[in-house]
>>> print(open('query_29.txt').read())   # compact mmCIF, C-alpha atoms
# COMPACT_ATOMS: atom_id res chain seq x y z
CA MET U 1 17.90 150.56 36.87
CA SER U 2 16.17 148.76 33.95
CA LYS U 3 12.63 149.20 35.27
CA LEU U 4 9.28 150.62 34.22
CA TYR U 5 7.88 153.20 36.62
CA VAL U 6 4.12 153.77 36.41
CA VAL U 7 3.73 157.38 37.54
CA GLY U 8 0.57 158.97 38.88
CA THR U 9 0.25 162.63 37.88
CA PRO U 10 -2.13 165.42 38.98
CA ILE U 11 -5.73 165.37 37.70
CA GLY U 12 -5.76 169.16 37.76
CA ASN U 13 -3.86 170.95 40.49
CA LEU U 14 -0.12 170.62 39.84
CA GLY U 15 0.46 170.95 43.59
CA ASP U 16 -0.74 167.35 43.87
CA MET U 17 2.38 166.06 42.12
CA THR U 18 4.37 164.01 44.64
CA PHE U 19 8.07 164.53 45.40
CA ARG U 20 8.68 160.92 44.49
CA ALA U 21 7.00 161.33 41.08
CA VAL U 22 9.14 164.37 40.29
CA GLU U 23 12.34 162.59 41.34
CA THR U 24 11.41 159.52 39.30
CA LEU U 25 10.83 161.58 36.15
CA LYS U 26 14.18 163.28 36.70
CA GLU U 27 16.06 160.01 37.11
CA VAL U 28 14.69 157.82 34.29
CA ASP U 29 16.17 157.72 30.80
CA PHE U 30 12.88 157.96 28.90
CA VAL U 31 9.32 159.12 29.62
CA ALA U 32 6.44 157.37 27.86
CA ALA U 33 3.17 159.26 27.74
CA GLU U 34 -0.43 158.93 26.61
CA ASP U 35 -0.16 162.42 25.09
CA THR U 36 3.41 163.68 24.71
CA ARG U 37 2.24 167.30 24.33
CA HIS U 38 0.35 167.16 27.63
CA THR U 39 3.19 165.44 29.48
CA LEU U 40 5.73 167.85 27.99
CA GLN U 41 3.87 170.71 29.70
CA LEU U 42 4.11 168.82 33.00
CA LEU U 43 7.83 168.16 32.53
CA ASN U 44 8.46 171.80 31.60
CA HIS U 45 6.67 172.95 34.76
CA PHE U 46 9.11 170.92 36.87
CA GLU U 47 12.06 171.79 34.62
CA ILE U 48 12.62 168.21 33.50
CA LYS U 49 14.00 167.37 30.06
CA LYS U 50 13.65 163.79 28.86
CA PRO U 51 13.10 162.00 25.52
CA LEU U 52 9.37 161.32 25.10
CA ILE U 53 7.67 158.20 23.70
CA SER U 54 4.03 158.19 22.62
CA CYS U 55 2.12 155.33 24.24
CA ARG U 56 -1.63 155.78 23.89
CA SER U 57 -4.51 153.34 23.65
CA GLN U 58 -4.33 153.27 19.84
CA ASN U 59 -0.66 152.18 19.74
CA GLU U 60 -0.11 150.73 23.21
CA LYS U 61 1.03 147.28 22.06
CA PHE U 62 3.43 148.65 19.43
CA ALA U 63 4.79 151.29 21.80
CA GLY U 64 4.98 148.71 24.59
CA GLU U 65 7.25 146.53 22.46
CA LYS U 66 9.48 149.54 21.81
CA ILE U 67 9.64 150.25 25.54
CA VAL U 68 10.49 146.61 26.30
CA LYS U 69 13.41 146.87 23.86
CA LEU U 70 14.67 149.95 25.70
CA LEU U 71 14.43 148.07 28.99
CA ASP U 72 16.26 145.11 27.44
CA GLU U 73 19.06 147.53 26.57
CA GLY U 74 19.32 148.60 30.20
CA HIS U 75 17.38 151.85 30.07
CA SER U 76 14.75 152.96 32.59
CA VAL U 77 11.34 154.25 31.54
CA ALA U 78 8.54 156.13 33.32
CA TYR U 79 4.98 156.00 32.01
CA ALA U 80 2.38 158.71 32.63
CA SER U 81 -1.15 159.04 31.27
CA ASP U 82 -2.74 162.43 30.61
CA ALA U 83 -3.88 162.89 34.21
CA GLY U 84 -4.22 160.70 37.26
CA THR U 85 -2.99 157.14 37.65
CA PRO U 86 -2.35 155.02 34.52
CA GLY U 87 -4.53 151.94 34.19
CA ILE U 88 -7.58 153.57 35.85
CA SER U 89 -9.76 154.35 32.80
CA ASP U 90 -6.48 155.26 31.08
CA PRO U 91 -3.94 153.29 29.01
CA GLY U 92 -1.21 151.42 30.88
CA ALA U 93 -2.48 147.88 31.49
CA VAL U 94 -1.24 146.50 28.16
CA LEU U 95 2.17 148.13 28.66
CA VAL U 96 2.50 146.73 32.18
CA ASP U 97 1.64 143.21 30.95
CA LEU U 98 4.19 143.37 28.14
CA VAL U 99 6.95 144.64 30.41
CA ARG U 100 6.29 142.07 33.13
CA GLU U 101 6.09 139.22 30.60
CA ALA U 102 9.51 140.33 29.30
CA GLY U 103 10.92 139.83 32.79
CA HIS U 104 11.33 143.45 33.82
CA GLU U 105 10.24 144.96 37.11
CA VAL U 106 7.25 147.34 37.23
CA ILE U 107 7.31 149.94 40.02
CA PRO U 108 4.18 151.91 40.99
CA ILE U 109 4.63 155.58 41.83
CA PRO U 110 1.28 156.45 43.49
CA GLY U 111 -0.54 159.63 42.64
CA ALA U 112 -3.91 161.28 42.26
CA SER U 113 -7.02 159.80 40.66
CA ALA U 114 -10.56 161.11 40.33
CA PHE U 115 -11.69 157.75 41.72
CA ALA U 116 -9.87 158.12 45.05
CA THR U 117 -10.47 161.87 45.22
CA LEU U 118 -14.26 161.53 45.04
CA ILE U 119 -14.38 158.59 47.46
CA SER U 120 -12.56 160.66 50.07
CA VAL U 121 -15.41 163.19 50.19
CA ALA U 122 -18.37 160.98 49.28
CA GLY U 123 -18.99 159.46 52.72
CA SER U 124 -20.92 156.24 53.45
CA GLY U 125 -18.85 154.18 51.06
CA GLY U 126 -19.35 150.91 52.92
CA LYS U 127 -17.10 147.89 52.69
CA THR U 128 -17.63 147.21 49.00
CA LEU U 129 -17.25 149.69 46.18
CA ILE U 130 -17.58 148.98 42.45
CA PHE U 131 -15.49 151.06 40.06
CA GLU U 132 -16.98 150.98 36.56
CA GLY U 133 -15.23 153.88 34.83
CA PHE U 134 -17.02 155.07 31.70
CA LEU U 135 -20.29 153.38 30.74
CA SER U 136 -21.24 152.77 27.11
CA PRO U 137 -22.30 155.93 25.24
CA LYS U 138 -25.17 153.92 23.73
CA PRO U 139 -28.34 154.63 25.78
CA GLY U 140 -29.64 151.06 25.86
CA ARG U 141 -26.34 149.53 26.95
CA ARG U 142 -25.75 152.32 29.47
CA ARG U 143 -29.12 151.82 31.17
CA SER U 144 -28.83 148.04 31.13
CA ARG U 145 -25.39 148.08 32.76
CA LEU U 146 -26.51 150.72 35.26
CA ARG U 147 -29.42 148.52 36.35
CA GLU U 148 -27.01 145.63 36.86
CA LEU U 149 -24.62 147.74 38.92
CA MET U 150 -27.29 149.36 41.08
CA GLY U 151 -28.96 145.97 41.50
CA THR U 152 -25.92 144.69 43.40
CA GLY U 153 -26.74 147.03 46.30
CA ASP U 154 -23.09 148.12 46.47
CA ALA U 155 -21.74 151.66 46.13
CA ILE U 156 -20.51 152.60 42.65
CA ILE U 157 -18.09 155.08 41.07
CA ILE U 158 -18.63 156.07 37.43
CA TYR U 159 -16.86 158.55 35.15
CA GLU U 160 -18.78 160.64 32.63
CA SER U 161 -18.29 163.42 30.10
CA PRO U 162 -20.12 166.77 30.17
CA PHE U 163 -22.05 165.70 27.06
CA ARG U 164 -23.80 162.77 28.75
CA ILE U 165 -23.85 163.67 32.46
CA THR U 166 -27.52 164.80 32.42
CA LYS U 167 -28.58 161.64 30.61
CA LEU U 168 -26.65 159.50 33.09
CA LEU U 169 -28.22 161.22 36.10
CA THR U 170 -31.66 160.80 34.51
CA ASP U 171 -31.03 157.08 34.07
CA ILE U 172 -29.94 156.75 37.71
CA ALA U 173 -33.05 158.59 38.92
CA ASP U 174 -35.31 156.44 36.73
CA ILE U 175 -33.87 153.30 38.32
CA ASP U 176 -33.91 154.59 41.92
CA SER U 177 -34.81 158.23 42.50
CA THR U 178 -34.01 158.03 46.23
CA ARG U 179 -30.46 156.69 45.89
CA ARG U 180 -27.86 159.13 47.25
CA VAL U 181 -25.57 160.51 44.56
CA VAL U 182 -22.39 162.61 44.85
CA VAL U 183 -21.24 164.42 41.71
CA GLY U 184 -17.65 165.64 41.44
CA ARG U 185 -16.91 168.06 38.60
CA GLU U 186 -13.42 169.30 37.65
CA LEU U 187 -11.94 167.75 40.80
CA THR U 188 -8.84 169.61 42.14
CA LYS U 189 -9.17 172.23 39.38
CA LEU U 190 -10.06 175.92 39.57
CA HIS U 191 -13.79 175.36 39.08
CA GLU U 192 -14.06 172.26 41.27
CA GLU U 193 -17.59 171.39 42.37
CA VAL U 194 -18.80 168.58 44.66
CA ILE U 195 -22.54 168.33 45.25
CA SER U 196 -24.71 165.59 46.71
CA GLY U 197 -28.35 164.71 47.15
CA SER U 198 -30.90 162.20 45.96
CA ALA U 199 -30.69 160.94 42.38
CA GLU U 200 -33.82 162.96 41.63
CA ASP U 201 -32.25 166.14 43.05
CA MET U 202 -29.08 165.67 40.98
CA LYS U 203 -31.10 165.02 37.81
CA ASN U 204 -33.13 168.19 38.32
CA ASP U 205 -30.04 170.26 39.15
CA PHE U 206 -28.20 169.39 35.94
CA ALA U 207 -31.33 169.48 33.77
CA GLN U 208 -31.63 173.17 34.63
CA ARG U 209 -28.05 174.05 33.72
CA GLN U 210 -27.65 175.83 30.41
CA SER U 211 -23.94 175.09 29.99
CA ILE U 212 -22.14 172.06 31.39
CA LYS U 213 -18.36 171.82 31.20
CA GLY U 214 -15.65 169.69 32.78
CA GLU U 215 -15.00 166.06 33.58
CA PHE U 216 -17.19 164.18 36.04
CA ALA U 217 -16.85 161.43 38.63
CA ILE U 218 -20.12 160.17 40.13
CA PHE U 219 -20.61 158.24 43.38
CA ILE U 220 -23.84 156.24 43.78
CA SER U 221 -24.52 155.00 47.30
CA GLY U 222 -25.34 151.38 47.91
CA THR U 223 -28.53 150.07 49.50
CA LYS U 224 -26.53 147.52 51.51
CA ASN U 225 -24.79 150.39 53.30
CA ILE U 226 -28.15 151.91 54.30
CA GLN U 227 -29.40 148.60 55.67
CA LEU U 228 -26.16 148.08 57.59
CA SER U 229 -26.42 151.54 59.16
CA GLU U 230 -29.99 150.90 60.24
CA GLU U 231 -29.02 147.56 61.83
CA SER U 232 -26.08 149.21 63.63
CA ALA U 233 -28.40 151.92 64.97
CA ASP U 234 -30.81 149.27 66.30
CA ASN U 235 -27.93 147.57 68.12
>>> encode(input="query_29.txt", output="structure tokens")
Amino acid sequence: MSKLYVVGTPIGNLGDMTFRAVETLKEVDFVAAEDTRHTLQLLNHFEIKKPLISCRSQNEKFAGEKIVKLLDEGHSVAYASDAGTPGISDPGAVLVDLVREAGHEVIPIPGASAFATLISVAGSGGKTLIFEGFLSPKPGRRRSRLRELMGTGDAIIIYESPFRITKLLTDIADIDSTRRVVVGRELTKLHEEVISGSAEDMKNDFAQRQSIKGEFAIFISGTKNIQLSEESADN
């Protein structure tokens, strides 16, 4: 069973942990984690005791080589990022490349992600969806990339922190104030919030908030989807 298992974990609600993910963590020899303290809490919740290996973005190549050596010795390893599915705006891609290049099998264990969670309630996603993750924190680069993305006419998913969410929504409204936007805050958690409206509405909503907390996923509708709907209605 010398394999690497890439395990999706809950983004908030522990009830979203799959049976398969729990069984995988119980069966492997080692668990690699973006933050061992965070993953230890998850393992304790499910009464799982395993040796932990730190594998975060800052040491992913070094840790990946260590994990490959364990696989070479016949051990099995599971990898989990802090929350959600590894490799989606989280470490994991470098590790997967190293393991596969070493000739070992990589097995996905599907789980939650803010990306998929928001899409499921956003509506009008269309056939094409661009996932950008986090934009640059630098205002000029952020606006420039946002113009490029919105210029494609496709729907977009972006992640953002509470410190820049108002600035991001302002940038979106400045580019196209009528574009439909869905904001997901603290998805699956106790204070979950999903609101939608025009980019102008969302900008005004958050500009009035005195305290903004939580992690955000933002859906921006595409103009191609609107045109397609209008053509379908005419037919």
>>> residues_near_point(input="query_29.txt", point="(15.9, 155.7, 33.4)", cutoff="7 Å", atoms="all atoms listed in the file", output="MDAnalysis selection string")
chainID U and resid 1:2 27:30 75:77
>>> closest_residue(input="query_29.txt", among="U:Ala114, U:Phe19, U:Lys3, U:Asn44", to="Ile67 (chain U)", atoms="only C-alpha atoms")
U:Lys3
>>> closest_atom_pairs(input="query_29.txt", of="region 164-225 of chain U", to="region 145-154 of chain U", cutoff="10 Å", atoms="only C-alpha atoms", output="CSV")
residue,atom,partner,partner_atom,distance
U:Leu168,CA,U:Leu146,CA,9.0
U:Asp171,CA,U:Leu146,CA,7.9
U:Ile172,CA,U:Leu146,CA,7.4
U:Asp174,CA,U:Arg147,CA,9.9
U:Ile175,CA,U:Arg147,CA,6.8
U:Asp176,CA,U:Met150,CA,8.5
U:Arg179,CA,U:Met150,CA,9.3
U:Ile220,CA,U:Met150,CA,8.2
U:Ser221,CA,U:Asp154,CA,7.1
U:Gly222,CA,U:Asp154,CA,4.2
U:Thr223,CA,U:Gly153,CA,4.8
U:Lys224,CA,U:Gly153,CA,5.2
U:Asn225,CA,U:Asp154,CA,7.4
>>> residues_around(input="query_29.txt", residues="region 5-8 of chain U", least_positions_apart="3", cutoff="9 Å", atoms="all atoms listed in the file", output="count of residues only")
27
>>> atom_distance(input="query_29.txt", atom1="CA of Gly12 (chain U)", atom2="CA of Leu169 (chain U)")
23.9 Å
>>> closest_residue(input="query_29.txt", among="U:Val99, U:Val22, U:Ile119, U:Cys55", to="Thr36 (chain U)", atoms="only C-alpha atoms")
U:Cys55
>>> atom_distance(input="query_29.txt", atom1="CA of Arg185 (chain U)", atom2="CA of Ile158 (chain U)")
12.2 Å
>>> atom_distance(input="query_29.txt", atom1="CA of Gly87 (chain U)", atom2="CA of Gly140 (chain U)")
26.5 Å
>>> closest_residue(input="query_29.txt", among="U:Phe206, U:Phe62, U:Tyr159, U:Phe134", to="Leu118 (chain U)", atoms="only C-alpha atoms")
U:Tyr159
>>> residues_around(input="query_29.txt", residues="Ala207 (chain U)", least_positions_apart="2", cutoff="9 Å", atoms="only C-alpha atoms", output="PyMOL selection string")
chain U and resi 166-167+170+202-205+209-210
>>> closest_residue(input="query_29.txt", among="U:Leu71, U:Ile88, U:Ile165, U:Leu129", to="Gly103 (chain U)", atoms="only C-alpha atoms")
U:Leu71
>>> build_atoms(input="query_29.txt", residues="region 141-166 of chain U", atoms="N, CA, C and O atoms", output="PDB file, in the coordinates of the input")
ATOM      1  N   ARG U 141     -27.399 150.242  26.222  1.00  0.00           N
ATOM      2  CA  ARG U 141     -26.340 149.530  26.950  1.00  0.00           C
ATOM      3  C   ARG U 141     -26.028 150.221  28.269  1.00  0.00           C
ATOM      4  O   ARG U 141     -25.783 149.561  29.280  1.00  0.00           O
ATOM      5  N   ARG U 142     -26.039 151.564  28.248  1.00  0.00           N
ATOM      6  CA  ARG U 142     -25.750 152.320  29.470  1.00  0.00           C
ATOM      7  C   ARG U 142     -26.785 152.017  30.544  1.00  0.00           C
ATOM      8  O   ARG U 142     -26.435 151.714  31.684  1.00  0.00           O
ATOM      9  N   ARG U 143     -28.056 152.075  30.193  1.00  0.00           N
ATOM     10  CA  ARG U 143     -29.120 151.820  31.170  1.00  0.00           C
ATOM     11  C   ARG U 143     -29.102 150.387  31.665  1.00  0.00           C
ATOM     12  O   ARG U 143     -29.318 150.125  32.852  1.00  0.00           O
ATOM     13  N   SER U 144     -28.865 149.453  30.750  1.00  0.00           N
ATOM     14  CA  SER U 144     -28.830 148.040  31.130  1.00  0.00           C
ATOM     15  C   SER U 144     -27.712 147.763  32.136  1.00  0.00           C
ATOM     16  O   SER U 144     -27.930 147.092  33.149  1.00  0.00           O
ATOM     17  N   ARG U 145     -26.522 148.287  31.854  1.00  0.00           N
ATOM     18  CA  ARG U 145     -25.390 148.080  32.760  1.00  0.00           C
ATOM     19  C   ARG U 145     -25.609 148.783  34.084  1.00  0.00           C
ATOM     20  O   ARG U 145     -25.267 148.254  35.156  1.00  0.00           O
ATOM     21  N   LEU U 146     -26.226 149.966  34.042  1.00  0.00           N
ATOM     22  CA  LEU U 146     -26.510 150.720  35.260  1.00  0.00           C
ATOM     23  C   LEU U 146     -27.483 149.960  36.152  1.00  0.00           C
ATOM     24  O   LEU U 146     -27.318 149.921  37.380  1.00  0.00           O
ATOM     25  N   ARG U 147     -28.485 149.334  35.559  1.00  0.00           N
ATOM     26  CA  ARG U 147     -29.420 148.520  36.350  1.00  0.00           C
ATOM     27  C   ARG U 147     -28.695 147.363  37.026  1.00  0.00           C
ATOM     28  O   ARG U 147     -28.970 147.033  38.181  1.00  0.00           O
ATOM     29  N   GLU U 148     -27.781 146.741  36.294  1.00  0.00           N
ATOM     30  CA  GLU U 148     -27.010 145.630  36.860  1.00  0.00           C
ATOM     31  C   GLU U 148     -26.181 146.100  38.048  1.00  0.00           C
ATOM     32  O   GLU U 148     -26.156 145.454  39.104  1.00  0.00           O
ATOM     33  N   LEU U 149     -25.491 147.219  37.862  1.00  0.00           N
ATOM     34  CA  LEU U 149     -24.620 147.740  38.920  1.00  0.00           C
ATOM     35  C   LEU U 149     -25.419 148.142  40.152  1.00  0.00           C
ATOM     36  O   LEU U 149     -25.078 147.773  41.280  1.00  0.00           O
ATOM     37  N   MET U 150     -26.486 148.907  39.948  1.00  0.00           N
ATOM     38  CA  MET U 150     -27.290 149.360  41.080  1.00  0.00           C
ATOM     39  C   MET U 150     -28.043 148.203  41.732  1.00  0.00           C
ATOM     40  O   MET U 150     -28.365 148.242  42.918  1.00  0.00           O
ATOM     41  N   GLY U 151     -28.289 147.150  40.963  1.00  0.00           N
ATOM     42  CA  GLY U 151     -28.960 145.970  41.500  1.00  0.00           C
ATOM     43  C   GLY U 151     -28.109 145.186  42.479  1.00  0.00           C
ATOM     44  O   GLY U 151     -28.633 144.393  43.272  1.00  0.00           O
ATOM     45  N   THR U 152     -26.799 145.403  42.457  1.00  0.00           N
ATOM     46  CA  THR U 152     -25.920 144.690  43.400  1.00  0.00           C
ATOM     47  C   THR U 152     -26.109 145.202  44.827  1.00  0.00           C
ATOM     48  O   THR U 152     -25.785 144.497  45.788  1.00  0.00           O
ATOM     49  N   GLY U 153     -26.597 146.441  44.968  1.00  0.00           N
ATOM     50  CA  GLY U 153     -26.740 147.030  46.300  1.00  0.00           C
ATOM     51  C   GLY U 153     -25.463 147.643  46.827  1.00  0.00           C
ATOM     52  O   GLY U 153     -25.449 148.197  47.936  1.00  0.00           O
ATOM     53  N   ASP U 154     -24.373 147.556  46.041  1.00  0.00           N
ATOM     54  CA  ASP U 154     -23.090 148.120  46.470  1.00  0.00           C
ATOM     55  C   ASP U 154     -22.943 149.560  45.956  1.00  0.00           C
ATOM     56  O   ASP U 154     -23.600 149.970  45.000  1.00  0.00           O
ATOM     57  N   ALA U 155     -22.050 150.316  46.591  1.00  0.00           N
ATOM     58  CA  ALA U 155     -21.740 151.660  46.130  1.00  0.00           C
ATOM     59  C   ALA U 155     -20.962 151.581  44.817  1.00  0.00           C
ATOM     60  O   ALA U 155     -20.254 150.601  44.559  1.00  0.00           O
ATOM     61  N   ILE U 156     -21.085 152.618  44.000  1.00  0.00           N
ATOM     62  CA  ILE U 156     -20.510 152.600  42.650  1.00  0.00           C
ATOM     63  C   ILE U 156     -19.838 153.935  42.345  1.00  0.00           C
ATOM     64  O   ILE U 156     -20.321 154.985  42.762  1.00  0.00           O
ATOM     65  N   ILE U 157     -18.727 153.872  41.617  1.00  0.00           N
ATOM     66  CA  ILE U 157     -18.090 155.080  41.070  1.00  0.00           C
ATOM     67  C   ILE U 157     -18.094 154.970  39.547  1.00  0.00           C
ATOM     68  O   ILE U 157     -17.689 153.949  38.986  1.00  0.00           O
ATOM     69  N   ILE U 158     -18.565 156.021  38.892  1.00  0.00           N
ATOM     70  CA  ILE U 158     -18.630 156.070  37.430  1.00  0.00           C
ATOM     71  C   ILE U 158     -18.002 157.374  36.953  1.00  0.00           C
ATOM     72  O   ILE U 158     -18.130 158.404  37.614  1.00  0.00           O
ATOM     73  N   TYR U 159     -17.351 157.337  35.800  1.00  0.00           N
ATOM     74  CA  TYR U 159     -16.860 158.550  35.150  1.00  0.00           C
ATOM     75  C   TYR U 159     -17.815 158.923  34.023  1.00  0.00           C
ATOM     76  O   TYR U 159     -18.444 158.052  33.405  1.00  0.00           O
ATOM     77  N   GLU U 160     -17.928 160.221  33.744  1.00  0.00           N
ATOM     78  CA  GLU U 160     -18.780 160.640  32.630  1.00  0.00           C
ATOM     79  C   GLU U 160     -18.309 161.969  32.057  1.00  0.00           C
ATOM     80  O   GLU U 160     -17.651 162.757  32.739  1.00  0.00           O
ATOM     81  N   SER U 161     -18.648 162.185  30.801  1.00  0.00           N
ATOM     82  CA  SER U 161     -18.290 163.420  30.100  1.00  0.00           C
ATOM     83  C   SER U 161     -19.383 164.468  30.302  1.00  0.00           C
ATOM     84  O   SER U 161     -20.511 164.123  30.686  1.00  0.00           O
ATOM     85  N   PRO U 162     -19.092 165.738  30.024  1.00  0.00           N
ATOM     86  CA  PRO U 162     -20.120 166.770  30.170  1.00  0.00           C
ATOM     87  C   PRO U 162     -21.265 166.607  29.177  1.00  0.00           C
ATOM     88  O   PRO U 162     -22.362 167.119  29.392  1.00  0.00           O
ATOM     89  N   PHE U 163     -21.031 165.867  28.100  1.00  0.00           N
ATOM     90  CA  PHE U 163     -22.050 165.700  27.060  1.00  0.00           C
ATOM     91  C   PHE U 163     -23.133 164.701  27.439  1.00  0.00           C
ATOM     92  O   PHE U 163     -24.237 164.738  26.894  1.00  0.00           O
ATOM     93  N   ARG U 164     -22.815 163.796  28.390  1.00  0.00           N
ATOM     94  CA  ARG U 164     -23.800 162.770  28.750  1.00  0.00           C
ATOM     95  C   ARG U 164     -24.148 162.754  30.239  1.00  0.00           C
ATOM     96  O   ARG U 164     -24.891 161.881  30.681  1.00  0.00           O
ATOM     97  N   ILE U 165     -23.630 163.702  31.023  1.00  0.00           N
ATOM     98  CA  ILE U 165     -23.850 163.670  32.460  1.00  0.00           C
ATOM     99  C   ILE U 165     -25.340 163.777  32.814  1.00  0.00           C
ATOM    100  O   ILE U 165     -25.833 163.062  33.686  1.00  0.00           O
ATOM    101  N   THR U 166     -26.090 164.649  32.124  1.00  0.00           N
ATOM    102  CA  THR U 166     -27.520 164.800  32.420  1.00  0.00           C
ATOM    103  C   THR U 166     -28.281 163.523  32.088  1.00  0.00           C
ATOM    104  O   THR U 166     -29.171 163.103  32.847  1.00  0.00           O
TER     105      THR U 166
END
